[in-house]
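Q: My structure is in work-v8.cif, and what it holds is mmCIF, C-alpha atoms and all ligand atoms:
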data_my_file
loop_
_atom_site.label_atom_id
_atom_site.label_comp_id
_atom_site.auth_asym_id
_atom_site.auth_seq_id
_atom_site.Cartn_x
_atom_site.Cartn_y
_atom_site.Cartn_z
CA MET A 1346 199.59 172.05 -44.63
CA LYS A 1347 195.89 172.32 -43.79
CA VAL A 1348 193.93 175.14 -45.41
CA GLY A 1349 190.24 175.93 -45.16
CA ILE A 1350 187.46 177.94 -43.54
CA ASP A 1351 188.60 179.74 -40.41
CA ASP A 1352 185.51 181.86 -39.81
CA ILE A 1353 181.99 182.19 -41.27
CA SER A 1354 179.37 184.91 -40.90
CA PHE A 1355 176.19 185.66 -42.83
CA TYR A 1356 173.70 188.48 -43.22
CA THR A 1357 170.23 188.84 -44.67
CA SER A 1358 167.79 191.72 -44.85
CA ASN A 1359 165.46 192.69 -42.03
CA TYR A 1360 162.39 192.08 -44.25
CA TYR A 1361 160.84 188.82 -45.35
CA LEU A 1362 157.67 187.71 -47.10
CA ASP A 1363 156.03 184.53 -45.82
CA LEU A 1364 155.26 182.38 -48.85
CA ARG A 1365 151.75 181.85 -47.43
CA THR A 1366 151.08 185.48 -48.42
CA LEU A 1367 152.22 184.82 -51.99
CA ALA A 1368 150.23 181.57 -52.14
CA GLU A 1369 147.07 183.42 -51.06
CA VAL A 1370 147.54 186.13 -53.69
CA HIS A 1371 148.10 183.51 -56.41
CA ASN A 1372 145.41 181.20 -55.05
CA ILE A 1373 147.89 178.32 -54.76
CA ASP A 1374 148.02 175.65 -52.04
CA VAL A 1375 150.79 176.89 -49.71
CA GLU A 1376 152.05 173.31 -49.35
CA LYS A 1377 153.36 173.58 -52.90
CA TYR A 1378 155.81 176.18 -51.57
CA TYR A 1379 156.39 174.83 -48.05
CA VAL A 1380 156.76 171.17 -49.13
CA GLY A 1381 156.93 171.02 -52.96
CA ILE A 1382 159.83 173.49 -53.27
CA GLY A 1383 160.76 173.48 -49.56
CA GLN A 1384 160.66 177.24 -49.00
CA GLU A 1385 158.79 179.00 -46.17
CA GLN A 1386 159.91 182.61 -46.39
CA MET A 1387 161.99 184.83 -48.66
CA GLY A 1388 164.19 187.74 -47.68
CA MET A 1389 163.58 191.09 -49.39
CA PRO A 1390 166.26 193.80 -49.24
CA ALA A 1391 165.35 197.31 -48.12
CA PRO A 1392 165.67 199.96 -50.88
CA ASP A 1393 168.96 201.16 -49.34
CA GLU A 1394 170.52 197.68 -49.41
CA ASP A 1395 172.36 195.92 -52.22
CA VAL A 1396 175.02 193.24 -52.61
CA VAL A 1397 177.69 195.64 -51.34
CA THR A 1398 175.92 196.59 -48.09
CA MET A 1399 174.86 192.98 -47.44
CA GLY A 1400 178.31 191.58 -48.21
CA ALA A 1401 180.07 194.14 -46.01
CA ALA A 1402 177.53 193.46 -43.23
CA ALA A 1403 178.30 189.74 -43.42
CA ALA A 1404 182.06 190.36 -43.25
CA LEU A 1405 182.05 193.04 -40.53
CA PRO A 1406 182.02 190.66 -37.49
CA ILE A 1407 184.96 188.71 -38.99
CA VAL A 1408 187.03 191.82 -39.72
CA ARG A 1409 186.23 193.35 -36.31
CA GLN A 1410 187.46 190.26 -34.52
CA LEU A 1411 190.78 190.06 -36.36
CA GLU A 1412 193.72 191.36 -34.39
CA GLN A 1413 195.51 192.17 -37.64
CA PRO A 1414 193.05 193.09 -40.42
CA GLU A 1415 196.17 193.82 -42.52
CA SER A 1416 196.73 190.05 -42.67
CA ILE A 1417 193.84 189.95 -45.19
CA SER A 1418 195.86 189.97 -48.39
CA THR A 1419 192.92 189.51 -50.76
CA LEU A 1420 189.18 190.09 -50.89
CA LEU A 1421 187.31 187.97 -53.44
CA PHE A 1422 183.73 189.14 -54.01
CA ALA A 1423 181.43 186.57 -55.63
CA THR A 1424 178.10 187.74 -57.01
CA GLU A 1425 175.77 187.36 -59.96
CA SER A 1426 173.74 190.46 -59.07
CA GLY A 1427 176.62 192.93 -59.35
CA ILE A 1428 176.03 196.67 -59.34
CA ASP A 1429 178.59 197.75 -61.94
CA GLN A 1430 179.86 196.24 -65.19
CA SER A 1431 183.39 197.47 -64.52
CA LYS A 1432 184.13 198.23 -60.88
CA SER A 1433 184.19 195.35 -58.43
CA ALA A 1434 181.54 195.40 -55.70
CA GLY A 1435 184.43 194.26 -53.51
CA VAL A 1436 186.17 197.63 -53.75
CA PHE A 1437 183.15 199.35 -52.18
CA ALA A 1438 183.05 196.64 -49.48
CA HIS A 1439 186.82 197.02 -48.92
CA GLN A 1440 186.30 200.70 -48.09
CA LEU A 1441 183.27 200.08 -45.83
CA LEU A 1442 185.24 197.42 -43.93
CA GLY A 1443 188.33 199.63 -43.53
CA LEU A 1444 190.64 197.07 -45.12
CA PRO A 1445 194.23 198.12 -45.92
CA ALA A 1446 195.23 199.53 -49.31
CA THR A 1447 197.63 196.56 -49.61
CA CYS A 1448 194.68 194.15 -50.04
CA ARG A 1449 193.94 193.04 -53.62
CA VAL A 1450 190.25 192.98 -54.58
CA VAL A 1451 188.38 191.38 -57.44
CA GLU A 1452 184.81 190.30 -58.29
CA LEU A 1453 184.04 186.82 -59.64
CA LYS A 1454 181.04 185.75 -61.69
CA GLN A 1455 179.67 182.40 -62.85
CA ALA A 1456 176.05 182.32 -61.67
CA CYS A 1457 175.71 180.63 -58.26
CA TYR A 1458 179.09 178.86 -58.53
CA SER A 1459 181.60 181.71 -58.18
CA ALA A 1460 181.95 181.63 -54.37
CA THR A 1461 183.36 178.12 -54.75
CA ALA A 1462 185.86 179.32 -57.37
CA ALA A 1463 186.78 182.10 -54.92
CA ILE A 1464 187.33 179.61 -52.10
CA GLN A 1465 189.51 177.38 -54.27
CA MET A 1466 191.59 180.37 -55.39
CA ALA A 1467 191.83 181.52 -51.79
CA CYS A 1468 193.08 178.09 -50.69
CA ALA A 1469 195.76 178.21 -53.41
CA LEU A 1470 196.91 181.68 -52.30
CA VAL A 1471 197.11 180.59 -48.66
CA ALA A 1472 198.97 177.41 -49.59
CA ARG A 1473 201.62 179.60 -51.28
CA GLN A 1474 201.93 182.04 -48.38
CA PRO A 1475 200.44 180.55 -45.19
CA GLN A 1476 200.63 183.79 -43.21
CA GLN A 1477 198.09 185.49 -45.48
CA ARG A 1478 194.34 185.24 -45.12
CA VAL A 1479 191.76 185.67 -47.82
CA LEU A 1480 188.31 187.11 -47.24
CA VAL A 1481 185.67 185.60 -49.53
CA ILE A 1482 182.35 187.43 -49.70
CA ALA A 1483 179.39 185.97 -51.59
CA SER A 1484 176.37 188.25 -51.83
CA ASP A 1485 173.26 188.13 -53.99
CA ILE A 1486 169.69 189.28 -54.45
CA ALA A 1487 167.65 186.62 -56.27
CA ARG A 1488 164.90 188.27 -58.32
CA TYR A 1489 162.57 186.67 -60.85
CA ASP A 1490 159.66 188.18 -62.75
CA LEU A 1491 156.45 188.73 -60.81
CA ASP A 1492 153.93 185.94 -61.34
CA SER A 1493 156.60 183.64 -62.82
CA SER A 1494 157.24 180.12 -61.47
CA GLY A 1495 160.56 181.38 -60.10
CA GLU A 1496 158.88 184.11 -57.97
CA PRO A 1497 158.58 181.98 -54.79
CA THR A 1498 162.29 181.10 -55.04
CA GLN A 1499 163.54 184.67 -54.61
CA GLY A 1500 165.54 185.80 -51.58
CA CYS A 1501 168.62 187.73 -50.51
CA GLY A 1502 171.68 187.04 -48.43
CA ALA A 1503 175.43 187.31 -48.08
CA VAL A 1504 178.07 185.15 -46.47
CA ALA A 1505 181.66 185.93 -45.58
CA LEU A 1506 184.31 183.24 -45.14
CA LEU A 1507 187.85 183.72 -43.92
CA ILE A 1508 190.23 181.28 -45.62
CA ALA A 1509 193.41 180.57 -43.65
CA ALA A 1510 196.07 177.99 -42.82
CA ASN A 1511 195.23 175.70 -39.89
CA PRO A 1512 191.55 176.73 -40.04
CA ARG A 1513 189.31 176.60 -36.98
CA LEU A 1514 186.13 175.35 -38.73
CA VAL A 1515 186.54 173.23 -41.87
CA GLU A 1516 189.68 171.88 -43.59
CA ILE A 1517 189.18 171.80 -47.35
CA GLU A 1518 190.71 168.81 -49.13
CA PRO A 1519 192.64 169.58 -52.35
CA LEU A 1520 190.77 167.25 -54.70
CA SER A 1521 187.80 168.53 -56.77
CA GLY A 1522 185.50 166.97 -59.36
CA LEU A 1523 184.40 169.42 -62.07
CA HIS A 1524 181.81 169.77 -64.80
CA THR A 1525 181.50 172.68 -67.26
CA GLU A 1526 179.01 172.86 -70.13
CA ASP A 1527 177.58 175.71 -72.23
CA VAL A 1528 173.83 175.60 -71.53
CA MET A 1529 171.08 178.23 -71.23
CA ASP A 1530 169.17 177.16 -68.12
CA PHE A 1531 169.37 180.48 -66.25
CA TRP A 1532 170.86 183.81 -67.35
CA ARG A 1533 170.45 187.56 -67.02
CA PRO A 1534 171.34 189.78 -70.00
CA ASN A 1535 172.89 193.15 -69.09
CA TYR A 1536 169.65 195.02 -69.86
CA ARG A 1537 167.53 192.97 -67.44
CA SER A 1538 167.17 193.33 -63.67
CA THR A 1539 165.50 189.94 -63.29
CA ALA A 1540 166.86 186.55 -64.28
CA LEU A 1541 165.49 184.40 -67.08
CA VAL A 1542 165.20 180.76 -66.12
CA ASP A 1543 164.01 177.53 -67.64
CA GLY A 1544 163.32 176.08 -64.20
CA LYS A 1545 162.62 172.46 -65.03
CA TYR A 1546 165.57 172.31 -67.43
CA SER A 1547 167.86 173.89 -64.82
CA THR A 1548 167.01 171.20 -62.26
CA LYS A 1549 167.81 168.53 -64.88
CA ILE A 1550 171.17 170.12 -65.73
CA TYR A 1551 171.90 170.51 -62.01
CA LEU A 1552 171.46 166.73 -61.54
CA LYS A 1553 173.45 165.91 -64.67
CA SER A 1554 176.29 168.14 -63.44
CA LEU A 1555 176.19 166.48 -60.02
CA LYS A 1556 176.68 163.09 -61.65
CA SER A 1557 179.56 164.32 -63.85
CA ALA A 1558 181.35 166.26 -61.09
CA TRP A 1559 180.98 163.33 -58.65
CA GLN A 1560 182.31 160.85 -61.23
CA HIS A 1561 185.24 163.14 -62.02
CA TYR A 1562 185.95 163.40 -58.28
CA ARG A 1563 185.89 159.60 -57.88
CA GLN A 1564 187.97 158.93 -61.02
CA GLN A 1565 190.80 160.93 -59.51
CA GLY A 1566 190.78 158.84 -56.33
CA GLY A 1567 188.16 160.81 -54.38
CA ARG A 1568 186.60 159.41 -51.23
CA SER A 1569 183.75 156.93 -51.39
CA LEU A 1570 180.20 158.00 -50.64
CA ARG A 1571 180.06 156.17 -47.32
CA GLU A 1572 182.96 158.23 -45.93
CA PHE A 1573 180.77 161.36 -45.98
CA ALA A 1574 178.55 162.17 -43.00
CA PHE A 1575 176.88 165.28 -44.49
CA PHE A 1576 176.30 166.93 -47.84
CA CYS A 1577 175.99 170.65 -48.55
CA TYR A 1578 174.31 171.23 -51.89
CA HIS A 1579 173.73 174.44 -53.78
CA LEU A 1580 170.27 175.55 -52.65
CA PRO A 1581 168.19 177.48 -55.20
CA PHE A 1582 165.31 176.11 -53.09
CA THR A 1583 165.76 173.54 -50.34
CA ARG A 1584 163.82 170.73 -52.05
CA MET A 1585 166.63 170.74 -54.62
CA ALA A 1586 169.00 169.28 -52.01
CA GLN A 1587 166.61 166.37 -51.44
CA LYS A 1588 166.38 165.72 -55.18
CA ALA A 1589 170.16 165.96 -55.57
CA HIS A 1590 170.90 163.71 -52.63
CA ALA A 1591 168.45 161.05 -53.79
CA HIS A 1592 170.11 161.24 -57.23
CA LEU A 1593 173.61 160.75 -55.81
CA LEU A 1594 172.56 157.89 -53.52
CA LYS A 1595 170.84 156.14 -56.42
CA LEU A 1596 173.87 156.59 -58.63
CA GLU A 1597 176.02 154.81 -56.04
CA SER A 1598 173.31 152.24 -55.16
CA ALA A 1599 173.66 153.35 -51.53
CA GLU A 1600 171.55 151.37 -49.10
CA LEU A 1601 170.40 154.10 -46.73
CA THR A 1602 166.97 154.38 -45.14
CA ALA A 1603 164.97 157.51 -45.96
CA ALA A 1604 165.68 158.80 -42.43
CA GLU A 1605 169.43 158.19 -42.78
CA ALA A 1606 169.50 159.97 -46.14
CA GLU A 1607 167.52 162.93 -44.75
CA ALA A 1608 169.83 163.18 -41.72
CA GLN A 1609 172.77 163.80 -44.09
CA ILE A 1610 171.22 167.04 -45.41
CA THR A 1611 168.43 168.29 -43.15
CA ASP A 1612 170.55 170.50 -40.87
CA THR A 1613 171.96 172.32 -43.91
CA LEU A 1614 168.49 173.56 -44.91
CA GLN A 1615 167.26 175.40 -41.81
CA TYR A 1616 168.39 178.93 -42.69
CA ASN A 1617 167.80 178.79 -46.45
CA LYS A 1618 164.14 177.85 -45.95
CA ARG A 1619 163.74 181.22 -44.28
CA ILE A 1620 166.12 183.37 -46.34
CA GLY A 1621 165.25 182.07 -49.80
CA ASN A 1622 167.71 181.82 -52.64
CA SER A 1623 170.88 183.82 -52.18
CA TYR A 1624 172.60 182.45 -55.31
CA THR A 1625 176.40 182.46 -54.62
CA ALA A 1626 175.90 182.59 -50.85
CA SER A 1627 173.30 179.84 -50.58
CA MET A 1628 175.49 176.75 -50.19
CA TYR A 1629 177.72 178.45 -47.62
CA ILE A 1630 174.73 179.72 -45.61
CA GLY A 1631 173.78 176.00 -45.75
CA LEU A 1632 177.20 175.18 -44.24
CA ALA A 1633 176.61 177.70 -41.42
CA SER A 1634 173.22 176.08 -40.88
CA LEU A 1635 174.82 172.63 -40.57
CA LEU A 1636 177.58 173.72 -38.20
CA GLU A 1637 175.18 175.70 -36.01
CA ASN A 1638 172.20 173.33 -35.99
CA ALA A 1639 173.81 169.86 -35.94
CA ARG A 1640 172.27 167.84 -33.12
CA GLU A 1641 175.61 166.33 -32.12
CA ASP A 1642 179.28 167.22 -32.12
CA ILE A 1643 180.31 166.79 -35.76
CA SER A 1644 184.06 167.22 -35.22
CA GLU A 1645 186.13 165.17 -37.71
CA LYS A 1646 183.04 164.46 -39.83
CA LEU A 1647 183.46 164.73 -43.58
CA ILE A 1648 181.18 167.05 -45.58
CA GLY A 1649 180.63 166.69 -49.32
CA PHE A 1650 180.10 170.04 -51.08
CA PHE A 1651 178.32 170.27 -54.41
CA SER A 1652 178.41 173.75 -55.93
CA TYR A 1653 176.39 174.49 -59.07
CA GLY A 1654 176.15 177.64 -61.17
CA SER A 1655 173.81 177.72 -64.15
CA GLY A 1656 175.28 178.15 -67.53
CA CYS A 1657 176.98 175.94 -66.19
CA VAL A 1658 179.95 175.13 -63.92
CA ALA A 1659 179.77 172.60 -61.08
CA GLU A 1660 182.26 171.31 -58.53
CA PHE A 1661 182.28 168.57 -55.91
CA TYR A 1662 184.84 168.66 -53.07
CA ALA A 1663 185.27 167.47 -49.50
CA GLY A 1664 185.84 169.26 -46.20
CA ARG A 1665 186.51 167.95 -42.71
CA VAL A 1666 185.06 169.63 -39.60
CA VAL A 1667 187.82 170.73 -37.20
CA PRO A 1668 187.51 169.62 -33.52
CA GLY A 1669 186.50 172.53 -31.28
CA TYR A 1670 184.71 174.30 -34.16
CA GLN A 1671 181.70 175.07 -31.94
CA GLN A 1672 183.48 177.80 -29.98
CA TRP A 1673 184.12 179.86 -33.13
CA LEU A 1674 180.56 179.90 -34.50
CA ARG A 1675 178.23 182.91 -34.57
CA LYS A 1676 175.13 180.85 -33.88
CA HIS A 1677 173.50 183.28 -31.45
CA GLU A 1678 174.00 186.33 -33.69
CA HIS A 1679 172.72 184.48 -36.77
CA GLN A 1680 169.64 183.13 -35.02
CA GLN A 1681 168.89 186.56 -33.54
CA LEU A 1682 169.23 188.13 -37.00
CA LEU A 1683 166.61 185.73 -38.38
CA ALA A 1684 164.31 185.91 -35.34
CA ASN A 1685 164.26 189.73 -35.30
CA ARG A 1686 163.26 190.17 -38.95
CA GLN A 1687 160.02 191.88 -39.86
CA GLN A 1688 157.37 190.11 -41.91
CA VAL A 1689 155.93 192.25 -44.73
CA ASP A 1690 152.54 192.19 -46.42
CA TYR A 1691 152.05 191.81 -50.16
CA GLN A 1692 151.87 195.58 -50.85
CA THR A 1693 155.17 196.13 -49.04
CA TYR A 1694 156.71 193.21 -50.93
CA ARG A 1695 155.73 194.92 -54.21
CA ARG A 1696 157.25 198.21 -53.01
CA LEU A 1697 160.51 196.43 -52.06
CA TYR A 1698 160.55 194.52 -55.35
CA ALA A 1699 160.75 197.84 -57.25
CA TYR A 1700 164.17 198.83 -55.88
CA PRO A 1701 165.80 202.10 -57.02
CA ASN A 1702 167.58 201.79 -60.35
CA PRO A 1703 167.93 205.33 -61.75
CA VAL A 1704 169.68 205.71 -65.09
CA ASP A 1705 169.53 209.50 -65.54
CA GLY A 1706 172.63 210.59 -63.57
CA GLN A 1707 170.59 212.95 -61.39
CA GLU A 1708 170.89 213.09 -57.59
CA HIS A 1709 168.78 210.34 -56.01
CA ASN A 1710 168.83 210.23 -52.23
CA ILE A 1711 167.56 207.00 -50.74
CA ALA A 1712 165.62 207.11 -47.48
CA ALA A 1713 167.23 205.32 -44.54
CA GLU A 1714 165.46 202.01 -43.97
CA THR A 1715 167.88 199.11 -43.45
CA THR A 1716 168.63 197.85 -39.94
CA GLY A 1717 172.04 196.65 -41.17
CA PRO A 1718 175.37 198.37 -40.45
CA PHE A 1719 175.79 199.87 -43.96
CA ARG A 1720 173.48 201.55 -46.43
CA LEU A 1721 173.31 202.82 -49.97
CA ALA A 1722 172.62 206.48 -49.20
CA ALA A 1723 172.38 207.90 -52.72
CA ILE A 1724 173.06 207.44 -56.39
CA ASN A 1725 174.41 210.72 -57.71
CA GLN A 1726 175.93 211.39 -61.16
CA HIS A 1727 175.81 207.62 -61.72
CA LYS A 1728 177.93 207.06 -58.58
CA ARG A 1729 176.76 204.88 -55.72
CA ILE A 1730 177.35 206.47 -52.33
CA TYR A 1731 177.56 204.13 -49.37
CA GLN A 1732 177.77 204.96 -45.69
CA ALA A 1733 177.98 203.27 -42.31
CA VAL A 1734 174.71 203.55 -40.37
N1 LIG A 1801 151.61 170.04 -52.01
C1 LIG A 1801 152.84 169.50 -52.04
N2 LIG A 1801 153.65 169.53 -53.14
C2 LIG A 1801 153.15 170.12 -54.25
C3 LIG A 1801 151.86 170.68 -54.28
C4 LIG A 1801 151.07 170.63 -53.10
N3 LIG A 1801 149.86 171.15 -53.06
N4 LIG A 1801 151.65 171.18 -55.52
C5 LIG A 1801 152.78 170.94 -56.24
N5 LIG A 1801 153.68 170.30 -55.47
C6 LIG A 1801 155.03 169.85 -55.85
C7 LIG A 1801 155.11 169.29 -57.26
O1 LIG A 1801 154.70 167.95 -57.30
C8 LIG A 1801 156.59 169.46 -57.55
O2 LIG A 1801 157.31 168.43 -56.94
P1 LIG A 1801 158.42 167.61 -57.79
O3 LIG A 1801 159.48 168.63 -58.14
O4 LIG A 1801 158.89 166.58 -56.84
O5 LIG A 1801 157.73 167.11 -59.01
C9 LIG A 1801 156.95 170.77 -56.80
O6 LIG A 1801 155.88 170.99 -55.87
C10 LIG A 1801 157.05 171.97 -57.70
O7 LIG A 1801 155.88 172.03 -58.45
P2 LIG A 1801 155.91 172.40 -60.00
O8 LIG A 1801 154.54 172.45 -60.53
O9 LIG A 1801 156.90 171.51 -60.69
O10 LIG A 1801 156.48 173.88 -59.85
P3 LIG A 1801 156.68 175.03 -60.86
O11 LIG A 1801 156.35 174.70 -62.24
O12 LIG A 1801 155.98 176.18 -60.27
O13 LIG A 1801 158.29 175.28 -60.82
C11 LIG A 1801 160.52 175.48 -60.07
C12 LIG A 1801 159.13 174.95 -59.74
C13 LIG A 1801 161.46 175.13 -58.93
C14 LIG A 1801 161.04 174.87 -61.36
C15 LIG A 1801 160.44 177.02 -60.21
O14 LIG A 1801 160.12 177.56 -58.95
C16 LIG A 1801 161.72 177.63 -60.70
O15 LIG A 1801 161.94 177.79 -61.89
N6 LIG A 1801 162.58 178.11 -59.78
C17 LIG A 1801 163.87 178.66 -60.10
C18 LIG A 1801 164.79 177.52 -60.47
C19 LIG A 1801 166.19 177.87 -60.23
O16 LIG A 1801 166.53 178.56 -59.32
N7 LIG A 1801 167.04 177.32 -61.07
C20 LIG A 1801 168.42 177.52 -60.89
C21 LIG A 1801 168.99 176.17 -60.64
S1 LIG A 1801 170.35 176.32 -59.75
#
Do you think you could lay out the structure here as structure tokens?
Ligand code: COA

A:
Amino acid sequence: MKVGIDDISFYTSNYYLDLRTLAEVHNIDVEKYYVGIGQEQMGMPAPDEDVVTMGAAAALPIVRQLEQPESISTLLFATESGIDQSKSAGVFAHQLLGLPATCRVVELKQACYSATAAIQMACALVARQPQQRVLVIASDIARYDLDSSGEPTQGCGAVALLIAANPRLVEIEPLSGLHTEDVMDFWRPNYRSTALVDGKYSTKIYLKSLKSAWQHYRQQGGRSLREFAFFCYHLPFTRMAQKAHAHLLKLESAELTAAEAEAQITDTLQYNKRIGNSYTASMYIGLASLLENAREDISEKLIGFFSYGSGCVAEFYAGRVVPGYQQWLRKHEHQQLLANRQQVDYQTYRRLYAYPNPVDGQEHNIAAETTGPFRLAAINQHKRIYQAV
């Protein structure tokens, strides 16, 4: 039986900072950001947005279109910027989306990797009971310290994927190559709102994990490199995909021209350049970018997915694009979402950076600001209160 991605939808905030603004403030050549790390803009959430409102906003078009929302048996919420140490962000999203009480919900965490774990678990559930569908939501706000080297690689975004039997978009093949290793390249202790990262080390571990996961995939009889037409890499910044792809091609002594190598990844990068890092969501926003921006019909083409989460866990797997996929995409809505965003100046960026994080249990009402369908209206007695806009 074929199992895979039946629907995909993403959301990002209405606000973005052009990295030219940041470069001017820091007196840095903007080409370092635009070319050196491959990022042009970064999304900044409004004060009344968080991973719950963004994740629910991403999933809403999928849930609305389902004739039987009760066929969603499970909601898996992947995030590394969760809002509670105990309660799953998914339970808040479940309520906002009006999902049935018979739907199981859980949150998954392993840095930027957990959406891939969620998808693999979802595929296993659907393989057991093909009539059920699993909603995977990946939602994150990437925040680094001001004036740190990670600052230009911030961003925010959420993606929702419906996993089902006989999927309309991408069939996921069962084989995976894996690599897990206890390393401290990126982490966020419970008392910190921003991540700690050893950036150069993390890119090295990313490449090492790619090699190990790919070799594990091949050792088990995985497909050869030349069978793949496209590669979706985890995208902490889009230049990372170019580094990763060059690494993989070199490892296999692949004889591709620079243009041929670039063509295997370039369409995956279009949205992330403008959204910034969205941690768990980033590779799957890259998939939406590929499906929606490919210059030709890519039906039947094989995509290699490399998912990486610092700390670290990595996975390589393959997916095949289903013929007729184009008619099920949300290309227009996604491109409108990005085109209609509002650019902010540096002062506004600093205001948005300091999002509300009260710890006193008092009543904190949050002014309405998001243009999304859901908002965090208040934090009262330590409880987050969400509402539809
Ligand atoms: N024009 C073009 N390119 C330029 C440039 C210019 N004017 N100035 C610098 N560059 C290039 C550098 O040569 C370098 O390219 P290379 O990587 O091919 O060597 C690139 O821009 C980055 O410059 P560098 O000085 O290495 O950047 P940095 O010290 O500011 O750090 C990161 C870059 C990516 C390490 C940093 O942004 C970071 O830590 N980001 C977070 C990392 C992360 O998310 N890790 C999680 C992994 S999943």

Q: Please provide the set of residues having any atom within 8 Å of Ala1733 in chain A, restricted to all atoms listed in the file, with same-chain residues fewer than 2 positions apart removed, written as a list in words.

A: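 Everything that qualifies: Leu1441, Pro1718, Phe1719, Arg1720 and Tyr1731 of chain A.
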
Q: Got a sec to check which residues lie within 6 Å of ligand LIG 1801 (chain A), using all atoms listed in the file, and send them as a list in words?

A: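 Within the 6 Å cut-off, the matching residues are Asp1374, Glu1376, Lys1377, Val1380, Gly1381, Ile1382, Ser1494, Gly1495, Thr1498, Gly1544, Lys1545, Ser1547, Thr1548, Pro1581 and Ser1655 of chain A.
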
Q: Do a neighbour search on Ala1723 in chain A at 6 Å with all atoms listed in the file, toss out local chain neighbours closer than 3 positions, and write the hits as a ChimeraX atom specification.

A: /A:1709-1711,1730

Q: Please return, as a PyMOL selection string, all polymer residues that have at least one atom within 6 Å of the point (165.0, 200.6, -51.4); use all atoms listed in the file and the file's own coordinate frame.

A: chain A and resi 1391-1393+1700-1701

Q: Using the selection just defined, write its residues with C-alpha atoms as a JSON list (two decimals), in the coordinates of the input.

A:
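Output file part-v6.json follows:
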[["chain", "number", "residue", "atom", "x", "y", "z"],
["A", 1391, "ALA", "CA", 165.35, 197.31, -48.12],
["A", 1392, "PRO", "CA", 165.67, 199.96, -50.88],
["A", 1393, "ASP", "CA", 168.96, 201.16, -49.34],
["A", 1700, "TYR", "CA", 164.17, 198.83, -55.88],
["A", 1701, "PRO", "CA", 165.80, 202.10, -57.02]]

Q: Between A:Val1450, A:Leu1506, A:Leu1682, A:Ile1620, single out the one closest to Asp1363 in chain A, counting all atoms listed in the file.

A: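 Once distances to Asp1363 in chain A are computed over all atoms listed in the file, the minimum belongs to A:Ile1620.
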
Q: Kindly indicate which residue among A:Asp1612, A:Glu1516, A:Ser1569, A:Glu1637 lies nearest to Leu1594 in chain A, using only C-alpha atoms for the distances.

A: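 Looking only at the distances to Leu1594 in chain A, the closest residue turns out to be A:Ser1569.
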
Q: Write out as a ChimeraX atom specification the residues lying within 12 Å of Ser1557 in chain A, counting only C-alpha atoms and excluding same-chain residues fewer than 2 positions away.

A: /A:1521-1526,1550-1555,1559-1564,1592-1593,1596,1651,1653,1658-1661

Q: Using all atoms listed in the file, which of A:Ala1510, A:Leu1367, A:Val1704, A:Leu1362 sits nearest Tyr1536 in chain A?

A: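 For Tyr1536 in chain A, the nearest of the candidates is A:Val1704.
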
Q: Which one of A:Gly1383, A:Pro1668, A:Gly1621, A:Pro1414 sits closest to Leu1514 in chain A if you count all atoms listed in the file?

A: A:Pro1668
